[in-house]
Every structure is written in C-alpha cells, then in structure tokens.
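Undergrad: Sending over a structure as structure tokens; questions will come in a sec.
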Amino acid sequence: MGAHGVGSKEMKRIHYAWIMAAVTFITLMGAAGFRATPSILIVPLQNEFGWNRAIISIAVSINLVLFGLTGPFAAALMDRFGLRVVTVGALITVSTGALLTTIMNSPWQLYLLWGVVVGLGTGCMASVLAATVAGRWFVQRRGLVLGALTAAGATGQLIFLPGLGWLAQNHGWRFAAVAVGVAALAVVPVVAIFVRNRPSDLGLRAYGATEADNVPLTTGSPIANAFRGLRLGMRSRDFWLLAGSFFICGASTNGLIGTHLIPASMDHGMAEVTAASLLAVIGVFDVIGTLASGYLTDRFDSRWLLFAYYGLRGLSLLLLPFVIGSAQFGLILFVVFYGLDWVATVPPTVQLARKTFGQQNFAIVYGWIFAAHQLGAASIAFAAGAARTFFGDYQIAFMSSGLLCLFAAGLVLRIARPRPGRVERPEPAGPEAPAYS
C-alpha cells in the first residue's frame with residue numbers, strides 16, 4: 001500500500017527528464033534550422049557575387065565536416081564541463097557566425113563564417129547532444145525520446161526553411177542570416193535556466209531507473225578523452241560497419257537532399273519559397289517516421305530496421321531524377337517515402353552503439369560514428385555541386401546516392417547481434433581511461 005502511494009505521488013509530478021527533453025528539442029530544432037540555412041543561400045549568393053555552385057558548396061562541405069567532427073569533442077566537453085556551458089557557448093558561436101556573414105564579400109569569408117564558425121557551433125548541438133540527454137536522463141522510453149529529439153531536426157526545417165526562403169526571396173539573403181543569428185541568441189536564456197547535467201544534480205534518478213546514476217565524473221583533457229573513445233571504437237568491426245553505413249546516411253540526407261534539393265528544384269522552374277516548402281514537407285514526414293523509428297527501436301532488432309530504412313531511401317533516390325521536373329504524383333511519392341526515413345536511422349544506430357560499447361562509453365564512440373555521417377554529407381555536398389557545375393544537372397548525384405543506400409542496407413546486416421540478456425561492454429582503453437557517458 002505504501003509503495004502504491006509513493007507510485008501515485010510520483011505519477012502526479014512531471015519528471016525533470018521531460019523538461020530536459022523539451023529544452024533539448026527546442027535547441028536541436030534551432031540547430032537544424034541554422035545548419036540548413038546555406039541551402040537557402042546558394043542561389044542568392046550565386047546571383048549577387050557570381051560564385052558558382054562548386055565554390056559555394058565548399059563552404060557547405062566545411063560546415064558539414066566540422067558539424068560531424070565536433071561531435072566526439074563536444075561529448076567530451078559535455079562530460080567535463082556540463083551540458084549547459086557547452087550548449088550556451090555553441091548558440092553564441094552560431095549567432096556570431098551568422099551575423100558576421102552579412103558583411104562578407106569574398107568566398108574565404110563564406111568558408112570561415114558559414115563553414116568553420118557555424119559548423120563548430122551547430123556541431124556542439126548535433127546528434128551527440130540528443131544521444132547524451134536520452135542516455136543520461138531516460139531508461140524507460142529511451143528510444144522514443146531519442147526519436148523525438150532526432151525529429152527536432154525535421155521540425156527545425158519545417159519552421160525555419162519556408163520563412164528563411166521567403167526572407168531571402170523578398171528582402172535579400174542578409175535578412176535570413178540576421179534571423180538565424182537572432183534566433184540562436186533567443187534560445188540562450190532557455191538553456192541557461194533549465195538545462196542540468198545529470199539527474200543526480202537534482203537528487204533524482206533517470207526516468208524509469210531503479211537505481212541512482214553512479215557514473216563517475218570525467219576528468220582529464222576532453223581532447224585526450226575523445227581520442228581514447230576513437231581508439232576504443234576502432235578495435236571493433238561493428239564500429240566500422242556502423243560508421244560506414246552512417247557515412248552513406250549523411251551522403252544521402254544532409255549532404256545531398258538537405259543541401260541541393262532546393263537549387264535542383266529551382267533548376268526545374270520552382271520558386272525558392274516553393275522549393276524550400278518542399279524540403280519542409282519532407283520534414284513533416286520525417287517527424288512521423290523518426291518518432292515511429294524510436295518506438296520500433298525499443299521493440300525490434302535495430303539491424304533489420306536499418307536494413308529497411310536504407311533500402312527504402314535508396315529506392316526513393318533512384319526515383320527522384322525521373323519525377324523532380326514533371327511527374328507531380330511521383331514527386332509527392334518521393335517526398336512521402338524519403339521523408340519517412342530521413343533520419344529514422346538515428347535511433348537504431350544509437351541503440352546499436354550503446355549495446356556494443358556500453359552505457360559508459362557509447363556517447364563519445366557514437367560521436368565518432370556521427371562524424372563519419374557528416375564526412376559523407378560533406379563529400380556529397382561538394383561532389384553534387386561540382387556535378388551540377390560540370391554536367392548541368394544533379395542526376396548522377398541522385399542515382400549514385402541511391403545505389404550507395406542499397407549497399408548500406410547490406411552492410412548493417414553484418415553488425416553482430418548482442419546475445420540475449422547480455423550487453424557488450426568493451427574494456428576501456430586503459431586503466432587511466434575515463435567513463436565516457
């Protein structure tokens with residue numbers, strides 16, 4: 001009876017984990033809008049400065065590389081200095097880069113600001129933040145929460161891209177850049193007030209946990225800790241399979257569609273606002289697909305989920321060159337099926353990383369897997385821009401990415417399945433190695 005009373009009392013209160021999830025959702029939603037903004041700027045910059053798409057795509061590639069490579073170091077910094085400090089610093093960095101963009105007049109300034117500064121800032125608020133918050137604050141509903149936090153990226157696209165496209169089209173691209181800078185600063189007070197590092201900071205257990213969080217505090221250099229996580233991952237074949245498939249994931253999402261769908265649509269006569277809205281509609285279906293993926297990840301083998309997601313994406317991309325310019329029904333079909341698994345791959349990939357490398361280690365190891373994702377994105381962002389410059393269209397880029405996705409579907413089935421009742425926990429890199437979560 002006493003236990004029942006305690007349980008009833010607990011149910012009446014909102015666990016602080018849900019507040020953390022809500023604030024993280026808002027932050028990641030903004031980060032997605034900030035990172036996706038260069039796709040709005042490609043055509044306006046081309047028109048104003050005369051830079052071709054290959055030149056502009058270099059900045060996008062730098063942004064995507066740093067967006068990914070920052071991940072494991074951001075995870076180590078979060079361990080060392082806390083979520084709040086790192087996230088506030090990242091938001092201020094993004095705002096600075098976006099606002100300074102308005103006075104640039106040469107490609108190297110574009111590379112420095114949208115490439116380096118905004119790339120570093122958004123990289124600290126990327127998938128690693130979602131994985132860290134879900135891993136620390138949730139035991140029950142972890143997959144569902146991770147799916148929701150991942151879907152924040154699609155929601156950011158849905159909210160930001162049509163509005164930014166309208167600003168760029170009607171008032172100039174500088175107004176869009178200013179809007180990004182102001183939006184980043186607006187999130188800073190929310191993060192500063194509500195974000196906490198761990199449940200134990202408030203005397204709580206993670207949501208659904210039966211015992212208190214006893215992970216020791218991380219000490220030592222965040223840079224050294226990040227590279228120890230890399231060494232730990234590189235000893236595992238599954239790390240290479242996860243990183244390889246995620247490389248293809250990035251190439252077929254952020255790098256290709258996220259960067260080039262808008263200019264590709266404009267090549268076929270769409271207005272910029274309409275093209276941005278098309279990408280935003282993909283975001284609507286992405287929210288549905290990613291939430292469903294989080295739910296399914298809690299219940300089914302993540303390897304088979306990834307097989308289905310990569311296969312569906314590959315077929316969608318193979319269809320795209322034949323429907324983007326003419327067949328309206330075919331384009332709607334692409335938007336629906338591609339949108340459903342835009343980032344649906346994230347929850348099962350994080351789940352596999354956590355089961356393979358253990359709760360203490362997976363955040364930084366996953367950071368390196370996510371870095372591979374962004375290296376793939378950066379590669380295709382530049383390659384697709386170069387293909388458009390030299391061949392006059394994006395067909396070869398769309399078709400190649402579709403075939404790569406089908407290859408990834410085969411890769412993920414080779415990932416080892418943990419034995420029932422046993423979570424794999426590789427030994428740390430050495431006696432001095434810290435706990436990484």
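As shown in the structure tokens, the chain order sets the letters A, B, ...; within each chain, residues go from 1, and ligands are also counted from 1 in the order they appear.
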At a cut-off of 10 Å, using only C-alpha atoms, what residues contact Tyr111 in chain A? Leave out same-chain residues fewer than 6 positions from it and give the result as a list in words.
TA: Ile55, Ile56, Ser57, Ile58, Ala59, Val60, Ser61, Ile62, Asn63, Val117, Val118 and Gly119 of chain A
Undergrad: If we count only C-alpha atoms, what is near range 158-168 of chain A at a cut-off of 9 Å, once residues fewer than 3 positions away on the same chain are taken out, given as a VMD selection string?
TA: chain A and resid 29 to 30 32 to 34 36 to 37 40 to 41 44 153 to 155 171 to 177 179 to 180 272 to 284
Undergrad: Those same residues - N, CA and C atoms - I'd like them written as a JSON list (two decimals), in the first residue's frame.
TA:
```json
[["chain", "number", "residue", "atom", "x", "y", "z"],
["A", 29, "MET", "N", 16.09, 21.79, -32.56],
["A", 29, "MET", "CA", 15.25, 22.33, -33.62],
["A", 29, "MET", "C", 15.90, 23.57, -34.22],
["A", 30, "GLY", "N", 16.43, 24.43, -33.35],
["A", 30, "GLY", "CA", 17.13, 25.61, -33.83],
["A", 30, "GLY", "C", 18.40, 25.26, -34.57],
["A", 32, "ALA", "N", 19.11, 22.68, -36.28],
["A", 32, "ALA", "CA", 18.81, 22.16, -37.62],
["A", 32, "ALA", "C", 18.49, 23.30, -38.58],
["A", 33, "GLY", "N", 17.73, 24.28, -38.11],
["A", 33, "GLY", "CA", 17.43, 25.42, -38.96],
["A", 33, "GLY", "C", 18.68, 26.21, -39.31],
["A", 34, "PHE", "N", 19.58, 26.38, -38.31],
["A", 34, "PHE", "CA", 20.81, 27.13, -38.55],
["A", 34, "PHE", "C", 21.69, 26.40, -39.58],
["A", 36, "ALA", "N", 20.82, 24.19, -41.84],
["A", 36, "ALA", "CA", 20.23, 24.03, -43.15],
["A", 36, "ALA", "C", 20.17, 25.34, -43.94],
["A", 37, "THR", "N", 20.43, 26.47, -43.28],
["A", 37, "THR", "CA", 20.30, 27.77, -43.94],
["A", 37, "THR", "C", 21.15, 27.93, -45.20],
["A", 40, "ILE", "N", 19.45, 27.67, -48.48],
["A", 40, "ILE", "CA", 18.65, 28.83, -48.88],
["A", 40, "ILE", "C", 19.53, 29.87, -49.59],
["A", 41, "LEU", "N", 20.81, 29.91, -49.21],
["A", 41, "LEU", "CA", 21.68, 30.98, -49.68],
["A", 41, "LEU", "C", 22.38, 30.69, -51.00],
["A", 44, "PRO", "N", 20.89, 32.83, -54.08],
["A", 44, "PRO", "CA", 21.12, 34.27, -53.88],
["A", 44, "PRO", "C", 22.60, 34.68, -53.90],
["A", 153, "GLY", "N", 15.22, 17.94, -35.67],
["A", 153, "GLY", "CA", 15.87, 18.45, -36.87],
["A", 153, "GLY", "C", 14.87, 18.71, -37.98],
["A", 154, "ALA", "N", 13.96, 17.77, -38.16],
["A", 154, "ALA", "CA", 12.94, 17.93, -39.20],
["A", 154, "ALA", "C", 12.00, 19.07, -38.84],
["A", 155, "THR", "N", 11.67, 19.20, -37.56],
["A", 155, "THR", "CA", 10.79, 20.29, -37.14],
["A", 155, "THR", "C", 11.46, 21.63, -37.38],
["A", 171, "HIS", "N", 13.42, 39.96, -49.35],
["A", 171, "HIS", "CA", 14.17, 41.03, -48.68],
["A", 171, "HIS", "C", 15.68, 40.86, -48.78],
["A", 172, "GLY", "N", 16.13, 39.77, -49.38],
["A", 172, "GLY", "CA", 17.56, 39.55, -49.52],
["A", 172, "GLY", "C", 18.08, 38.54, -48.51],
["A", 173, "TRP", "N", 19.17, 37.86, -48.89],
["A", 173, "TRP", "CA", 19.69, 36.78, -48.06],
["A", 173, "TRP", "C", 20.23, 37.28, -46.72],
["A", 174, "ARG", "N", 20.62, 38.57, -46.63],
["A", 174, "ARG", "CA", 21.16, 39.08, -45.37],
["A", 174, "ARG", "C", 20.11, 39.08, -44.26],
["A", 175, "PHE", "N", 18.86, 39.34, -44.63],
["A", 175, "PHE", "CA", 17.79, 39.28, -43.63],
["A", 175, "PHE", "C", 17.63, 37.86, -43.08],
["A", 176, "ALA", "N", 17.81, 36.86, -43.95],
["A", 176, "ALA", "CA", 17.74, 35.48, -43.50],
["A", 176, "ALA", "C", 18.87, 35.18, -42.52],
["A", 177, "ALA", "N", 20.08, 35.67, -42.81],
["A", 177, "ALA", "CA", 21.22, 35.44, -41.92],
["A", 177, "ALA", "C", 21.01, 36.11, -40.57],
["A", 179, "ALA", "N", 18.12, 36.74, -39.17],
["A", 179, "ALA", "CA", 17.08, 35.97, -38.46],
["A", 179, "ALA", "C", 17.69, 34.76, -37.76],
["A", 180, "VAL", "N", 18.64, 34.09, -38.42],
["A", 180, "VAL", "CA", 19.31, 32.94, -37.80],
["A", 180, "VAL", "C", 20.08, 33.38, -36.56],
["A", 272, "GLU", "N", 11.80, 29.84, -55.12],
["A", 272, "GLU", "CA", 12.60, 29.44, -53.95],
["A", 272, "GLU", "C", 11.73, 29.09, -52.75],
["A", 273, "VAL", "N", 10.67, 29.87, -52.52],
["A", 273, "VAL", "CA", 9.79, 29.58, -51.39],
["A", 273, "VAL", "C", 9.12, 28.22, -51.58],
["A", 274, "THR", "N", 8.68, 27.91, -52.80],
["A", 274, "THR", "CA", 8.06, 26.62, -53.08],
["A", 274, "THR", "C", 9.04, 25.48, -52.87],
["A", 275, "ALA", "N", 10.28, 25.68, -53.33],
["A", 275, "ALA", "CA", 11.30, 24.64, -53.17],
["A", 275, "ALA", "C", 11.64, 24.43, -51.70],
["A", 276, "ALA", "N", 11.74, 25.53, -50.93],
["A", 276, "ALA", "CA", 12.00, 25.40, -49.50],
["A", 276, "ALA", "C", 10.85, 24.71, -48.79],
["A", 277, "SER", "N", 9.63, 24.99, -49.24],
["A", 277, "SER", "CA", 8.46, 24.34, -48.65],
["A", 277, "SER", "C", 8.45, 22.85, -48.95],
["A", 278, "LEU", "N", 8.96, 22.46, -50.12],
["A", 278, "LEU", "CA", 9.06, 21.04, -50.46],
["A", 278, "LEU", "C", 9.96, 20.32, -49.47],
["A", 279, "LEU", "N", 11.11, 20.94, -49.15],
["A", 279, "LEU", "CA", 12.01, 20.35, -48.17],
["A", 279, "LEU", "C", 11.37, 20.33, -46.79],
["A", 280, "ALA", "N", 10.58, 21.35, -46.48],
["A", 280, "ALA", "CA", 9.89, 21.39, -45.20],
["A", 280, "ALA", "C", 8.84, 20.29, -45.09],
["A", 281, "VAL", "N", 8.15, 20.00, -46.21],
["A", 281, "VAL", "CA", 7.16, 18.91, -46.20],
["A", 281, "VAL", "C", 7.85, 17.57, -45.95],
["A", 282, "ILE", "N", 9.03, 17.40, -46.53],
["A", 282, "ILE", "CA", 9.82, 16.20, -46.19],
["A", 282, "ILE", "C", 10.02, 16.14, -44.69],
["A", 283, "GLY", "N", 10.25, 17.31, -44.08],
["A", 283, "GLY", "CA", 10.41, 17.37, -42.63],
["A", 283, "GLY", "C", 9.18, 16.90, -41.87],
["A", 284, "VAL", "N", 7.99, 17.19, -42.40],
["A", 284, "VAL", "CA", 6.76, 16.73, -41.74],
["A", 284, "VAL", "C", 6.74, 15.20, -41.66]]
```
Undergrad: Using only C-alpha atoms, which residues of range 131-169 of chain A come within 9 Å of range 297-312 of chain A, and what is the closest atom pair for each, with the distance in Å to one decimal? Give it as a tab-separated table, sorted by chain and residue number.
TA:
```
residue	atom	partner	partner_atom	distance
A:Arg141	CA	A:Asp298	CA	7.5
A:Arg142	CA	A:Asp298	CA	7.6
A:Gly143	CA	A:Asp298	CA	5.4
A:Leu144	CA	A:Asp298	CA	7.3
A:Gly147	CA	A:Thr297	CA	8.9
```
Undergrad: Could the residues in this selection be saved with N, CA and C atoms as a tab-separated table (two decimals), in the first residue's frame?
TA:
```tsv
chain	number	residue	atom	x	y	z
A	141	ARG	N	11.48	4.47	-22.15
A	141	ARG	CA	11.15	5.38	-23.25
A	141	ARG	C	12.39	5.98	-23.91
A	142	ARG	N	13.55	5.38	-23.73
A	142	ARG	CA	14.78	5.98	-24.28
A	142	ARG	C	14.73	6.07	-25.81
A	143	GLY	N	14.31	4.99	-26.45
A	143	GLY	CA	14.25	5.00	-27.90
A	143	GLY	C	13.25	6.02	-28.41
A	144	LEU	N	12.08	6.11	-27.76
A	144	LEU	CA	11.06	7.06	-28.18
A	144	LEU	C	11.54	8.49	-28.02
A	147	GLY	N	14.06	9.28	-30.62
A	147	GLY	CA	13.38	9.53	-31.88
A	147	GLY	C	12.79	10.93	-31.92
```
Undergrad: One decimal, in Å: what's the spacing between CA of Asn225 in chain A and CA of Arg84 in chain A?
TA: 19.5 Å
Undergrad: Each residue of range 54-78 of chain A with at least one atom at most 12 Å from range 228-238 of chain A should appear once, together with its nearest atom pair and the corresponding distance in Å (one decimal); atoms considered: only C-alpha atoms; ordering: chain, then increasing residue number; output as a tab-separated table.
TA:
```
residue	atom	partner	partner_atom	distance
A:Leu69	CA	A:Leu230	CA	11.6
A:Gly71	CA	A:Leu230	CA	11.8
A:Pro72	CA	A:Gly229	CA	8.1
A:Phe73	CA	A:Gly229	CA	9.9
A:Ala75	CA	A:Gly229	CA	10.3
A:Ala76	CA	A:Gly229	CA	9.3
```
Undergrad: Can you tell me, as number ranges by chain, what residues are no more than 7 Å from range 196-204 of chain A when counting only C-alpha atoms, ignoring any on the same chain fewer than 6 positions away?
TA: A: 82-84, 136-137, 213
Undergrad: May I have the residues within 9 Å of Phe370 in chain A as number ranges by chain, using only C-alpha atoms and disregarding those fewer than 4 positions away in the same chain?
TA: A: 68-69, 71-72, 127-128, 243, 246-247, 250, 365-366, 374-375
Undergrad: For Phe362 in chain A, which of A:Val350, A:Ala22, A:Leu331, A:Leu241 is the closest residue, counting only C-alpha atoms?
TA: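 Using only C-alpha atoms, the shortest distance to Phe362 in chain A belongs to A:Val350.
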Undergrad: Can you pull out the residues contacting range 181-183 of chain A? Cut-off 7 Å, using only C-alpha atoms, and skip same-chain residues under 3 positions away; I want them as a PyMOL selection string.
TA: chain A and resi 94-96+98-99+177-178+186-187
Undergrad: Residues within 9 Å of Ala387 in chain A, please, as a compact mmCIF listing (two decimals) with N, CA and C atoms, in the first residue's frame. Count only C-alpha atoms; anything in the same chain fewer than 6 positions from it doesn't count.
TA:
```
# COMPACT_ATOMS: atom_id res chain seq x y z
N ALA A 54 29.88 25.12 -57.24
CA ALA A 54 31.00 24.35 -56.72
C ALA A 54 31.73 25.17 -55.65
N ASP A 393 23.23 19.18 -64.41
CA ASP A 393 22.10 18.68 -63.62
C ASP A 393 22.62 17.80 -62.48
N TYR A 394 21.67 17.34 -61.66
CA TYR A 394 22.03 16.57 -60.47
C TYR A 394 21.78 15.07 -60.63
N GLN A 395 21.46 14.60 -61.82
CA GLN A 395 21.03 13.21 -61.98
C GLN A 395 22.06 12.21 -61.49
N ILE A 396 23.32 12.42 -61.84
CA ILE A 396 24.35 11.45 -61.44
C ILE A 396 24.50 11.41 -59.93
N ALA A 397 24.31 12.56 -59.26
CA ALA A 397 24.42 12.60 -57.80
C ALA A 397 23.27 11.85 -57.15
```
Undergrad: If you run DSSP over the backbone, which residues in range 377-426 of chain A end up alpha helix (DSSP H)? Put them as an MDAnalysis selection string.
TA: chainID A and resid 377:391 395:412
Undergrad: Restricting it to N, CA and C atoms, dump the selection as an mmCIF file, in the first residue's frame.
TA:
```
data_model
loop_
_atom_site.group_PDB
_atom_site.id
_atom_site.type_symbol
_atom_site.label_atom_id
_atom_site.label_comp_id
_atom_site.auth_asym_id
_atom_site.auth_seq_id
_atom_site.Cartn_x
_atom_site.Cartn_y
_atom_site.Cartn_z
ATOM 1 N N ALA A 377 28.273 13.441 -45.648
ATOM 2 C CA ALA A 377 27.474 14.592 -46.065
ATOM 3 C C ALA A 377 28.331 15.633 -46.777
ATOM 4 N N ALA A 378 29.515 15.906 -46.214
ATOM 5 C CA ALA A 378 30.398 16.907 -46.804
ATOM 6 C C ALA A 378 30.883 16.470 -48.184
ATOM 7 N N SER A 379 31.193 15.189 -48.317
ATOM 8 C CA SER A 379 31.692 14.681 -49.599
ATOM 9 C C SER A 379 30.674 14.880 -50.710
ATOM 10 N N ILE A 380 29.424 14.509 -50.444
ATOM 11 C CA ILE A 380 28.415 14.602 -51.500
ATOM 12 C C ILE A 380 27.946 16.036 -51.689
ATOM 13 N N ALA A 381 28.012 16.869 -50.638
ATOM 14 C CA ALA A 381 27.633 18.277 -50.797
ATOM 15 C C ALA A 381 28.515 18.939 -51.846
ATOM 16 N N PHE A 382 29.823 18.680 -51.751
ATOM 17 C CA PHE A 382 30.736 19.246 -52.753
ATOM 18 C C PHE A 382 30.598 18.522 -54.092
ATOM 19 N N ALA A 383 30.550 17.182 -54.051
ATOM 20 C CA ALA A 383 30.506 16.410 -55.297
ATOM 21 C C ALA A 383 29.259 16.726 -56.108
ATOM 22 N N ALA A 384 28.111 16.882 -55.431
ATOM 23 C CA ALA A 384 26.871 17.190 -56.158
ATOM 24 C C ALA A 384 26.924 18.592 -56.751
ATOM 25 N N GLY A 385 27.511 19.540 -55.994
ATOM 26 C CA GLY A 385 27.668 20.886 -56.535
ATOM 27 C C GLY A 385 28.586 20.899 -57.749
ATOM 28 N N ALA A 386 29.671 20.121 -57.664
ATOM 29 C CA ALA A 386 30.592 20.032 -58.800
ATOM 30 C C ALA A 386 29.925 19.355 -59.998
ATOM 31 N N ALA A 387 29.133 18.299 -59.733
ATOM 32 C CA ALA A 387 28.432 17.604 -60.819
ATOM 33 C C ALA A 387 27.457 18.541 -61.521
ATOM 34 N N ARG A 388 26.753 19.339 -60.736
ATOM 35 C CA ARG A 388 25.816 20.310 -61.328
ATOM 36 C C ARG A 388 26.560 21.347 -62.181
ATOM 37 N N THR A 389 27.731 21.773 -61.687
ATOM 38 C CA THR A 389 28.512 22.771 -62.430
ATOM 39 C C THR A 389 29.025 22.218 -63.758
ATOM 40 N N PHE A 390 29.490 20.969 -63.744
ATOM 41 C CA PHE A 390 30.137 20.416 -64.935
ATOM 42 C C PHE A 390 29.176 19.711 -65.885
ATOM 43 N N PHE A 391 28.111 19.069 -65.326
ATOM 44 C CA PHE A 391 27.200 18.303 -66.177
ATOM 45 C C PHE A 391 25.866 19.010 -66.421
ATOM 46 N N GLN A 395 21.457 14.602 -61.822
ATOM 47 C CA GLN A 395 21.028 13.214 -61.985
ATOM 48 C C GLN A 395 22.064 12.214 -61.491
ATOM 49 N N ILE A 396 23.320 12.418 -61.838
ATOM 50 C CA ILE A 396 24.347 11.451 -61.438
ATOM 51 C C ILE A 396 24.498 11.409 -59.927
ATOM 52 N N ALA A 397 24.312 12.560 -59.263
ATOM 53 C CA ALA A 397 24.417 12.604 -57.798
ATOM 54 C C ALA A 397 23.266 11.845 -57.149
ATOM 55 N N PHE A 398 22.047 12.040 -57.643
ATOM 56 C CA PHE A 398 20.889 11.342 -57.073
ATOM 57 C C PHE A 398 20.999 9.827 -57.283
ATOM 58 N N MET A 399 21.361 9.417 -58.467
ATOM 59 C CA MET A 399 21.433 7.982 -58.763
ATOM 60 C C MET A 399 22.539 7.298 -57.959
ATOM 61 N N SER A 400 23.703 7.941 -57.856
ATOM 62 C CA SER A 400 24.815 7.351 -57.108
ATOM 63 C C SER A 400 24.464 7.192 -55.634
ATOM 64 N N SER A 401 23.813 8.188 -55.066
ATOM 65 C CA SER A 401 23.429 8.104 -53.657
ATOM 66 C C SER A 401 22.404 7.004 -53.422
ATOM 67 N N GLY A 402 21.478 6.835 -54.362
ATOM 68 C CA GLY A 402 20.503 5.753 -54.239
ATOM 69 C C GLY A 402 21.164 4.388 -54.202
ATOM 70 N N LEU A 403 22.147 4.168 -55.069
ATOM 71 C CA LEU A 403 22.864 2.888 -55.082
ATOM 72 C C LEU A 403 23.679 2.687 -53.808
ATOM 73 N N LEU A 404 24.274 3.754 -53.305
ATOM 74 C CA LEU A 404 25.031 3.656 -52.046
ATOM 75 C C LEU A 404 24.119 3.247 -50.885
ATOM 76 N N CYS A 405 22.890 3.751 -50.875
ATOM 77 C CA CYS A 405 21.952 3.376 -49.805
ATOM 78 C C CYS A 405 21.621 1.886 -49.849
ATOM 79 N N LEU A 406 21.465 1.346 -51.044
ATOM 80 C CA LEU A 406 21.206 -0.093 -51.157
ATOM 81 C C LEU A 406 22.401 -0.894 -50.649
ATOM 82 N N PHE A 407 23.615 -0.393 -50.887
ATOM 83 C CA PHE A 407 24.820 -1.030 -50.354
ATOM 84 C C PHE A 407 24.830 -0.968 -48.829
ATOM 85 N N ALA A 408 24.433 0.178 -48.252
ATOM 86 C CA ALA A 408 24.375 0.322 -46.795
ATOM 87 C C ALA A 408 23.385 -0.657 -46.179
ATOM 88 N N ALA A 409 22.289 -0.928 -46.887
ATOM 89 C CA ALA A 409 21.300 -1.885 -46.378
ATOM 90 C C ALA A 409 21.929 -3.258 -46.170
ATOM 91 N N GLY A 410 22.864 -3.608 -47.039
ATOM 92 C CA GLY A 410 23.576 -4.873 -46.856
ATOM 93 C C GLY A 410 24.600 -4.805 -45.736
ATOM 94 N N LEU A 411 25.268 -3.661 -45.586
ATOM 95 C CA LEU A 411 26.293 -3.529 -44.538
ATOM 96 C C LEU A 411 25.727 -3.755 -43.142
ATOM 97 N N VAL A 412 24.565 -3.162 -42.853
ATOM 98 C CA VAL A 412 24.064 -3.177 -41.475
ATOM 99 C C VAL A 412 23.681 -4.578 -41.019
#
```
Undergrad: Got a sec: who's within 9 Å of Leu110 in chain A, counting only C-alpha atoms, leaving out chain neighbours fewer than 5 positions off, as a ChimeraX atom specification?
TA: /A:56,59,101,104-105,115-116
Undergrad: Quote the spacing between CA of Pro263 in chain A and CA of Ile103 in chain A in Å to one decimal place.
TA: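 Between these atoms lies a distance of 23.5 Å.
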Undergrad: Between A:Leu256, A:Val133, A:Val23, A:Ile193, which is the closest to Gly376 in chain A once you count only C-alpha atoms?
TA: A:Leu256
Undergrad: Please compute the CA of Gly255 in chain A-CA of Ala271 in chain A distance, one decimal, in Å.
TA: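 Interatomic distance, CA of Gly255 in chain A to CA of Ala271 in chain A: 21.5 Å.
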